[in-house]
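Asks: Quick one: structure below, then a few questions.
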Amino acid sequence: MNIKGWVAIVTGGASGIGRQTALRLTREGAKVALVDKNPEGANKVAEEIKALGGETLVLETDITNLDEAHKMAKVVLDKFGQVDILANIAGGAFPSKMGSFAQSSREIWDLNINLNLFGTFNCTHAIVSHMIERKKGKIVNIASVAGMVGQATTADYAAAKGGIIAFTKSMAKELAPYGINVNCVSPAMTGTDRVLSMPKDFLQRQINTIHLHRYAEPQEIANVVVFLASDEASFVTGANYVADGGITLSY
């Protein structure tokens, strides 16, 4: 993939899909800014990147805060001079707060909307003017099959991810005249630490709906993200790439 020398921001880079995306981008020759609320985890990934001969930067950032997102982007631009890729990976559900809609609260909805939808919005807002000025850029968001087909007991999460799909398509239309590609990936259940901490019965029910009869490995989703972030996907924009092991075949 022709991304050698490119600069990428990867949110949620301390673990899971974000970590694997950062490592794959490094192997392809990109410089990677790791953005996460967990600096300890991000620093461990930074050491892995350095061991691969890559160049990196760790930024402790609360992506639910627009001002912090803008400060993060400024630091990256000051350090590297450009941003070619924004991978909005940070997000996820809150296993301890899953339950029926009737039992949900505004607090739970705010948690999911702020982390997933507004986190994606904030980081995109922080870097999009730079990409427009350069007339170049790749933005890849992480949505979910839950945002496509809905999901019982996590309506808040599904709504946030559905918003990301709509946001992706809207930004693709708006930014296409500037040569900026905007796409998203909708994974099924992926074996991140957060997912594996969910109740066993819930995990098994989810696996039972996957035609491949397993959850995704984070690397498998990262491979799709990096493809969309590269010039291999230069004519792809506004797409929602579904990496779900076949779940949506049943809908």
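Labels for the structure tokens follow display order: chains A, B, ..., residues from 1 in each chain, ligands from 1.
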Show me, as number ranges by chain, the residues that have an atom within 10 Å of A:Leu52 when counting only C-alpha atoms, minus same-chain residues fewer than 5 positions from it.
Replies: A: 23, 26-27, 29, 46-47
Asks: Produce a file of the selected residues containing C-alpha atoms, as a PDB file, in the first residue's frame.
Replies:
```
ATOM      1  CA  LEU A  23       0.732  -1.367  14.005  1.00  0.00           C
ATOM      2  CA  THR A  26       3.419   1.452  10.829  1.00  0.00           C
ATOM      3  CA  ARG A  27       4.305  -1.664   8.853  1.00  0.00           C
ATOM      4  CA  GLY A  29       5.389   3.039   6.404  1.00  0.00           C
ATOM      5  CA  ALA A  46       4.322   3.242  21.019  1.00  0.00           C
ATOM      6  CA  GLU A  47       7.147   0.936  22.098  1.00  0.00           C
TER       7      GLU A  47
END
```
Asks: What's the 10 Å shell around stretch 164-177 of chain A, counting only C-alpha atoms, without same-chain residues fewer than 4 positions away, as a PDB file with C-alpha atoms, in the first residue's frame?
Replies:
```pdb
ATOM      1  CA  ILE A 113     -23.577   9.155  22.181  1.00  0.00           C
ATOM      2  CA  ASN A 116     -19.111   7.068  19.829  1.00  0.00           C
ATOM      3  CA  LEU A 117     -20.886   9.756  17.826  1.00  0.00           C
ATOM      4  CA  PHE A 118     -19.486  12.968  19.305  1.00  0.00           C
ATOM      5  CA  THR A 120     -16.040  10.824  15.898  1.00  0.00           C
ATOM      6  CA  PHE A 121     -17.495  14.272  15.226  1.00  0.00           C
ATOM      7  CA  THR A 124     -13.138  14.954  12.403  1.00  0.00           C
ATOM      8  CA  VAL A 128     -11.039  18.479   8.426  1.00  0.00           C
ATOM      9  CA  MET A 131      -7.454  18.231   4.885  1.00  0.00           C
ATOM     10  CA  ILE A 132      -9.624  20.637   2.890  1.00  0.00           C
ATOM     11  CA  LYS A 135      -7.167  18.787  -0.852  1.00  0.00           C
ATOM     12  CA  LYS A 136      -6.146  15.399   0.444  1.00  0.00           C
ATOM     13  CA  GLY A 137      -7.200  13.074   3.208  1.00  0.00           C
ATOM     14  CA  ILE A 139     -11.137   9.493   7.107  1.00  0.00           C
ATOM     15  CA  VAL A 140     -12.216   6.064   8.332  1.00  0.00           C
ATOM     16  CA  ASN A 141     -14.827   5.703  11.063  1.00  0.00           C
ATOM     17  CA  ILE A 142     -15.811   2.641  13.066  1.00  0.00           C
ATOM     18  CA  ALA A 143     -19.544   1.988  13.105  1.00  0.00           C
ATOM     19  CA  SER A 144     -21.164  -1.401  13.851  1.00  0.00           C
ATOM     20  CA  GLY A 147     -26.051   0.628  13.784  1.00  0.00           C
ATOM     21  CA  MET A 148     -27.412  -1.088  10.678  1.00  0.00           C
ATOM     22  CA  ALA A 158     -26.915   1.101  18.156  1.00  0.00           C
ATOM     23  CA  ALA A 159     -28.283   4.625  17.773  1.00  0.00           C
ATOM     24  CA  ALA A 160     -24.814   6.139  18.156  1.00  0.00           C
ATOM     25  CA  ASN A 181     -12.385  10.017   1.038  1.00  0.00           C
ATOM     26  CA  VAL A 182     -14.659   9.260   3.984  1.00  0.00           C
ATOM     27  CA  ASN A 183     -15.713   5.699   4.751  1.00  0.00           C
ATOM     28  CA  CYS A 184     -16.691   3.564   7.696  1.00  0.00           C
ATOM     29  CA  VAL A 185     -16.387  -0.045   8.802  1.00  0.00           C
ATOM     30  CA  SER A 186     -19.211  -1.919  10.518  1.00  0.00           C
ATOM     31  CA  VAL A 236     -14.182   4.401  -2.540  1.00  0.00           C
ATOM     32  CA  THR A 237     -16.055   7.029  -0.560  1.00  0.00           C
ATOM     33  CA  GLY A 238     -19.259   7.066   1.446  1.00  0.00           C
ATOM     34  CA  ALA A 239     -19.066   3.306   1.839  1.00  0.00           C
ATOM     35  CA  ASN A 240     -20.005   1.299   4.896  1.00  0.00           C
TER      36      ASN A 240
END
```
Asks: Could you pull the residues within 8 Å of stretch 194-205 of chain A, counting only C-alpha atoms, minus those fewer than 4 positions along the same chain, as a PyMOL selection string?
Replies: chain A and resi 92+95-96+189-190+209
Asks: Which of stretch 9-219 of chain A end up as strand (DSSP E) when DSSP is run on this backbone - answer as number ranges by chain?
Replies: A: 9-11, 31-36, 56-60, 85-88, 137-142, 180-187
Asks: Create the file for the chosen residues now, containing N, CA and C atoms and written as a short mmCIF file (atom, residue, chain, number, x, y, z; two decimals), in the first residue's frame.
Replies:
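part-v4.cif was written with the following content:
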```cif
data_model
loop_
_atom_site.label_atom_id
_atom_site.label_comp_id
_atom_site.auth_asym_id
_atom_site.auth_seq_id
_atom_site.Cartn_x
_atom_site.Cartn_y
_atom_site.Cartn_z
N ILE A 9 -3.58 9.75 12.35
CA ILE A 9 -4.08 9.83 13.72
C ILE A 9 -4.97 8.62 13.95
N VAL A 10 -4.69 7.88 15.00
CA VAL A 10 -5.50 6.72 15.35
C VAL A 10 -6.05 6.92 16.75
N THR A 11 -7.37 7.12 16.85
CA THR A 11 -7.97 7.26 18.18
C THR A 11 -8.26 5.86 18.72
N LYS A 31 3.62 7.27 9.69
CA LYS A 31 3.88 7.78 11.03
C LYS A 31 2.54 7.85 11.75
N VAL A 32 2.53 7.47 13.02
CA VAL A 32 1.24 7.29 13.71
C VAL A 32 1.18 8.08 15.01
N ALA A 33 0.14 8.90 15.15
CA ALA A 33 -0.16 9.57 16.40
C ALA A 33 -1.21 8.73 17.13
N LEU A 34 -0.85 8.23 18.31
CA LEU A 34 -1.74 7.41 19.12
C LEU A 34 -2.53 8.30 20.07
N VAL A 35 -3.85 8.30 19.92
CA VAL A 35 -4.72 9.15 20.74
C VAL A 35 -5.58 8.25 21.62
N ASP A 36 -5.50 8.47 22.92
CA ASP A 36 -6.25 7.60 23.83
C ASP A 36 -6.32 8.26 25.21
N THR A 56 6.30 7.70 16.09
CA THR A 56 4.99 7.82 16.72
C THR A 56 4.95 8.96 17.72
N LEU A 57 3.76 9.24 18.18
CA LEU A 57 3.50 10.29 19.15
C LEU A 57 2.30 9.86 19.97
N VAL A 58 2.38 9.97 21.29
CA VAL A 58 1.28 9.59 22.18
C VAL A 58 0.61 10.84 22.72
N LEU A 59 -0.72 10.88 22.59
CA LEU A 59 -1.47 12.04 23.07
C LEU A 59 -2.64 11.57 23.92
N GLU A 60 -2.57 11.90 25.21
CA GLU A 60 -3.68 11.59 26.11
C GLU A 60 -4.80 12.59 25.84
N ILE A 85 -4.30 10.73 7.28
CA ILE A 85 -5.30 9.73 7.65
C ILE A 85 -5.83 10.04 9.05
N LEU A 86 -7.14 9.99 9.17
CA LEU A 86 -7.78 10.02 10.49
C LEU A 86 -8.57 8.73 10.63
N ALA A 87 -8.16 7.89 11.57
CA ALA A 87 -8.87 6.65 11.86
C ALA A 87 -9.60 6.80 13.19
N ASN A 88 -10.90 7.03 13.11
CA ASN A 88 -11.72 7.21 14.32
C ASN A 88 -12.13 5.84 14.86
N GLY A 137 -6.95 13.65 1.89
CA GLY A 137 -7.20 13.07 3.21
C GLY A 137 -8.05 11.82 3.13
N LYS A 138 -7.86 10.96 4.12
CA LYS A 138 -8.63 9.73 4.26
C LYS A 138 -9.18 9.70 5.68
N ILE A 139 -10.49 9.61 5.80
CA ILE A 139 -11.14 9.49 7.11
C ILE A 139 -11.87 8.16 7.15
N VAL A 140 -11.56 7.36 8.16
CA VAL A 140 -12.22 6.06 8.33
C VAL A 140 -12.81 6.00 9.73
N ASN A 141 -14.11 5.78 9.80
CA ASN A 141 -14.83 5.70 11.06
C ASN A 141 -15.21 4.26 11.38
N ILE A 142 -15.33 3.96 12.65
CA ILE A 142 -15.81 2.64 13.07
C ILE A 142 -17.27 2.76 13.49
N ILE A 180 -11.13 14.26 -0.61
CA ILE A 180 -11.08 13.57 0.68
C ILE A 180 -12.05 12.40 0.66
N ASN A 181 -11.56 11.22 0.97
CA ASN A 181 -12.39 10.02 1.04
C ASN A 181 -12.83 9.78 2.48
N VAL A 182 -14.11 9.53 2.65
CA VAL A 182 -14.66 9.26 3.98
C VAL A 182 -15.45 7.96 3.93
N ASN A 183 -15.06 7.00 4.73
CA ASN A 183 -15.71 5.70 4.75
C ASN A 183 -15.84 5.21 6.19
N CYS A 184 -16.62 4.17 6.37
CA CYS A 184 -16.69 3.56 7.70
C CYS A 184 -16.70 2.05 7.58
N VAL A 185 -16.40 1.41 8.70
CA VAL A 185 -16.39 -0.05 8.80
C VAL A 185 -17.40 -0.44 9.87
N SER A 186 -18.23 -1.41 9.55
CA SER A 186 -19.21 -1.92 10.52
C SER A 186 -18.86 -3.36 10.88
N PRO A 187 -18.13 -3.54 11.97
CA PRO A 187 -17.79 -4.89 12.38
C PRO A 187 -18.95 -5.55 13.13
#
```
Asks: Counting only C-alpha atoms, which residue out of A:Gln151, A:Gln219, A:Ser250, A:Gln20 sits closest to A:Ser100?
Replies: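 Looking only at the distances to A:Ser100, the closest residue turns out to be A:Gln151.
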Asks: Kindly indicate which residue among A:Ala233, A:Val83, A:Ala155, A:Ile127 lies nearest to A:Lys97, using only C-alpha atoms for the distances.
Replies: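 Counting only C-alpha atoms, the residue closest to A:Lys97 is A:Ala155.
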Asks: Which residues are near A:Cys123? Cut-off 8 Å, only C-alpha atoms, ignore same chain within fewer than 5 positions. Put them as a list of chain:residue names.
Replies: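 Counting only the stated atoms, we get A:Ile63, A:Leu66, A:Ala69, A:His70, A:Ala73, A:Asn88.
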Asks: Would you save the residues of that selection, restricted to N, CA and C atoms, as an mmCIF file, in the first residue's frame?
Replies:
```cif
data_model
loop_
_atom_site.group_PDB
_atom_site.id
_atom_site.type_symbol
_atom_site.label_atom_id
_atom_site.label_comp_id
_atom_site.auth_asym_id
_atom_site.auth_seq_id
_atom_site.Cartn_x
_atom_site.Cartn_y
_atom_site.Cartn_z
ATOM 1 N N ILE A 63 -11.646 12.388 23.741
ATOM 2 C CA ILE A 63 -12.226 12.752 22.449
ATOM 3 C C ILE A 63 -13.662 13.235 22.565
ATOM 4 N N LEU A 66 -14.519 18.635 22.577
ATOM 5 C CA LEU A 66 -14.122 19.237 21.302
ATOM 6 C C LEU A 66 -12.836 20.036 21.428
ATOM 7 N N ALA A 69 -9.902 17.733 21.452
ATOM 8 C CA ALA A 69 -9.667 17.182 20.118
ATOM 9 C C ALA A 69 -8.897 18.177 19.255
ATOM 10 N N HIS A 70 -9.262 19.447 19.324
ATOM 11 C CA HIS A 70 -8.565 20.471 18.539
ATOM 12 C C HIS A 70 -7.124 20.657 19.020
ATOM 13 N N ALA A 73 -5.095 17.769 17.619
ATOM 14 C CA ALA A 73 -4.780 17.936 16.205
ATOM 15 C C ALA A 73 -3.649 18.945 16.004
ATOM 16 N N ASN A 88 -10.901 7.030 13.115
ATOM 17 C CA ASN A 88 -11.723 7.214 14.321
ATOM 18 C C ASN A 88 -12.130 5.841 14.860
#
```
Asks: Would you mind writing down, as a PyMOL selection string, each residue of stretch 44-244 of chain A that DSSP on the backbone assigns to helix (DSSP H, G or I)?
Replies: chain A and resi 44-51+66-80+95-97+101-103+106-134+146-149+155-178+193-196+200-208+218-229+231-233
Asks: Those residues you just picked out, can you put them in a file as an mmCIF file, in the first residue's frame with C-alpha atoms?
Replies:
```
data_model
loop_
_atom_site.group_PDB
_atom_site.id
_atom_site.type_symbol
_atom_site.label_atom_id
_atom_site.label_comp_id
_atom_site.auth_asym_id
_atom_site.auth_seq_id
_atom_site.Cartn_x
_atom_site.Cartn_y
_atom_site.Cartn_z
ATOM 1 C CA LYS A 44 3.154 0.316 25.312
ATOM 2 C CA VAL A 45 1.864 0.430 21.739
ATOM 3 C CA ALA A 46 4.322 3.242 21.019
ATOM 4 C CA GLU A 47 7.147 0.936 22.098
ATOM 5 C CA GLU A 48 5.858 -1.714 19.697
ATOM 6 C CA ILE A 49 5.816 0.864 16.901
ATOM 7 C CA LYS A 50 9.377 1.942 17.671
ATOM 8 C CA ALA A 51 10.488 -1.695 17.673
ATOM 9 C CA LEU A 66 -14.122 19.237 21.302
ATOM 10 C CA ASP A 67 -11.453 21.579 22.685
ATOM 11 C CA GLU A 68 -9.213 18.626 23.592
ATOM 12 C CA ALA A 69 -9.667 17.182 20.118
ATOM 13 C CA HIS A 70 -8.565 20.471 18.539
ATOM 14 C CA LYS A 71 -5.549 20.703 20.853
ATOM 15 C CA MET A 72 -4.631 17.142 19.906
ATOM 16 C CA ALA A 73 -4.780 17.936 16.205
ATOM 17 C CA LYS A 74 -2.599 21.018 16.667
ATOM 18 C CA VAL A 75 0.083 19.006 18.451
ATOM 19 C CA VAL A 76 0.113 16.423 15.662
ATOM 20 C CA LEU A 77 0.361 19.115 12.979
ATOM 21 C CA ASP A 78 3.116 20.908 14.889
ATOM 22 C CA LYS A 79 5.042 17.637 15.164
ATOM 23 C CA PHE A 80 4.544 16.144 11.704
ATOM 24 C CA PRO A 95 -21.061 -3.740 29.293
ATOM 25 C CA SER A 96 -21.995 -2.913 32.891
ATOM 26 C CA LYS A 97 -24.778 -0.597 31.714
ATOM 27 C CA PHE A 101 -34.608 0.610 26.934
ATOM 28 C CA ALA A 102 -37.288 0.873 29.663
ATOM 29 C CA GLN A 103 -34.530 0.615 32.259
ATOM 30 C CA ARG A 106 -30.249 9.774 29.969
ATOM 31 C CA GLU A 107 -26.863 9.193 31.620
ATOM 32 C CA ILE A 108 -26.356 5.913 29.751
ATOM 33 C CA TRP A 109 -27.461 7.471 26.454
ATOM 34 C CA ASP A 110 -25.116 10.417 26.974
ATOM 35 C CA LEU A 111 -22.193 8.040 27.621
ATOM 36 C CA ASN A 112 -22.745 6.165 24.365
ATOM 37 C CA ILE A 113 -23.577 9.155 22.181
ATOM 38 C CA ASN A 114 -20.678 11.220 23.534
ATOM 39 C CA LEU A 115 -18.058 8.491 23.165
ATOM 40 C CA ASN A 116 -19.111 7.068 19.829
ATOM 41 C CA LEU A 117 -20.886 9.756 17.826
ATOM 42 C CA PHE A 118 -19.486 12.968 19.305
ATOM 43 C CA GLY A 119 -16.012 11.442 19.644
ATOM 44 C CA THR A 120 -16.040 10.824 15.898
ATOM 45 C CA PHE A 121 -17.495 14.272 15.226
ATOM 46 C CA ASN A 122 -14.956 16.058 17.446
ATOM 47 C CA CYS A 123 -11.845 14.477 15.938
ATOM 48 C CA THR A 124 -13.138 14.954 12.403
ATOM 49 C CA HIS A 125 -13.963 18.595 13.130
ATOM 50 C CA ALA A 126 -10.446 19.101 14.506
ATOM 51 C CA ILE A 127 -8.655 17.970 11.344
ATOM 52 C CA VAL A 128 -11.039 18.479 8.426
ATOM 53 C CA SER A 129 -10.061 22.094 7.674
ATOM 54 C CA HIS A 130 -6.439 20.989 7.298
ATOM 55 C CA MET A 131 -7.454 18.231 4.885
ATOM 56 C CA ILE A 132 -9.624 20.637 2.890
ATOM 57 C CA GLU A 133 -6.729 23.082 2.604
ATOM 58 C CA ARG A 134 -4.417 20.310 1.334
ATOM 59 C CA ALA A 146 -25.735 -2.753 15.493
ATOM 60 C CA GLY A 147 -26.051 0.628 13.784
ATOM 61 C CA MET A 148 -27.412 -1.088 10.678
ATOM 62 C CA VAL A 149 -29.906 -3.594 12.063
ATOM 63 C CA ALA A 155 -30.375 0.743 21.783
ATOM 64 C CA ASP A 156 -28.182 3.646 22.888
ATOM 65 C CA TYR A 157 -25.064 2.104 21.338
ATOM 66 C CA ALA A 158 -26.915 1.101 18.156
ATOM 67 C CA ALA A 159 -28.283 4.625 17.773
ATOM 68 C CA ALA A 160 -24.814 6.139 18.156
ATOM 69 C CA LYS A 161 -23.312 3.775 15.592
ATOM 70 C CA GLY A 162 -26.194 4.379 13.191
ATOM 71 C CA GLY A 163 -25.401 8.066 13.523
ATOM 72 C CA ILE A 164 -21.799 7.396 12.535
ATOM 73 C CA ILE A 165 -22.935 5.660 9.338
ATOM 74 C CA ALA A 166 -25.115 8.648 8.404
ATOM 75 C CA PHE A 167 -22.335 11.081 9.375
ATOM 76 C CA THR A 168 -19.886 9.173 7.177
ATOM 77 C CA LYS A 169 -22.128 9.360 4.134
ATOM 78 C CA SER A 170 -22.837 13.059 4.701
ATOM 79 C CA MET A 171 -19.139 13.906 5.055
ATOM 80 C CA ALA A 172 -18.298 11.844 1.977
ATOM 81 C CA LYS A 173 -20.670 13.989 -0.085
ATOM 82 C CA GLU A 174 -19.432 17.241 1.428
ATOM 83 C CA LEU A 175 -15.716 16.491 1.190
ATOM 84 C CA ALA A 176 -15.520 14.689 -2.169
ATOM 85 C CA PRO A 177 -14.888 17.970 -4.071
ATOM 86 C CA TYR A 178 -11.715 18.380 -1.984
ATOM 87 C CA ASP A 193 -10.799 -6.620 25.955
ATOM 88 C CA ARG A 194 -13.990 -4.604 26.365
ATOM 89 C CA VAL A 195 -16.075 -7.090 24.399
ATOM 90 C CA LEU A 196 -14.598 -10.113 26.138
ATOM 91 C CA LYS A 200 -20.843 -14.847 28.755
ATOM 92 C CA ASP A 201 -24.456 -15.539 27.832
ATOM 93 C CA PHE A 202 -24.616 -12.323 25.799
ATOM 94 C CA LEU A 203 -21.389 -13.203 23.965
ATOM 95 C CA GLN A 204 -22.653 -16.665 23.126
ATOM 96 C CA ARG A 205 -25.930 -15.310 21.789
ATOM 97 C CA GLN A 206 -23.987 -12.973 19.538
ATOM 98 C CA ILE A 207 -21.671 -15.725 18.287
ATOM 99 C CA ASN A 208 -24.730 -17.840 17.487
ATOM 100 C CA PRO A 218 -9.027 -6.994 16.010
ATOM 101 C CA GLN A 219 -6.415 -7.444 13.267
ATOM 102 C CA GLU A 220 -9.121 -8.508 10.800
ATOM 103 C CA ILE A 221 -10.988 -5.239 11.273
ATOM 104 C CA ALA A 222 -7.758 -3.231 11.229
ATOM 105 C CA ASN A 223 -6.951 -4.694 7.809
ATOM 106 C CA VAL A 224 -10.178 -3.218 6.415
ATOM 107 C CA VAL A 225 -9.521 0.145 8.062
ATOM 108 C CA VAL A 226 -6.026 0.377 6.587
ATOM 109 C CA PHE A 227 -7.270 -0.596 3.135
ATOM 110 C CA LEU A 228 -9.821 2.234 3.227
ATOM 111 C CA ALA A 229 -7.154 4.627 4.527
ATOM 112 C CA ASP A 231 -4.834 4.805 -2.062
ATOM 113 C CA GLU A 232 -5.796 1.207 -2.787
ATOM 114 C CA ALA A 233 -9.309 2.514 -2.047
#
```
Asks: So the first atom is atom CA of A:Ile17 and the second is atom CA of A:Gly191; what is the distance between them in Å, to one decimal place?
Replies: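 Result for atom CA of A:Ile17 versus atom CA of A:Gly191: 9.1 Å, one decimal.
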Asks: Would you work out the distance separating atom CA of A:Thr154 from atom CA of A:Ser105, expressed in Å to one decimal?
Replies: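 Answer for the atom CA of A:Thr154 to atom CA of A:Ser105 separation: 11.8 Å.
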Asks: If you measure from atom CA of A:Thr64 to atom CA of A:Gly18, what distance in Å do you get, rounded to one decimal?
Replies: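 Computing it gives 16.8 Å between the two atoms.
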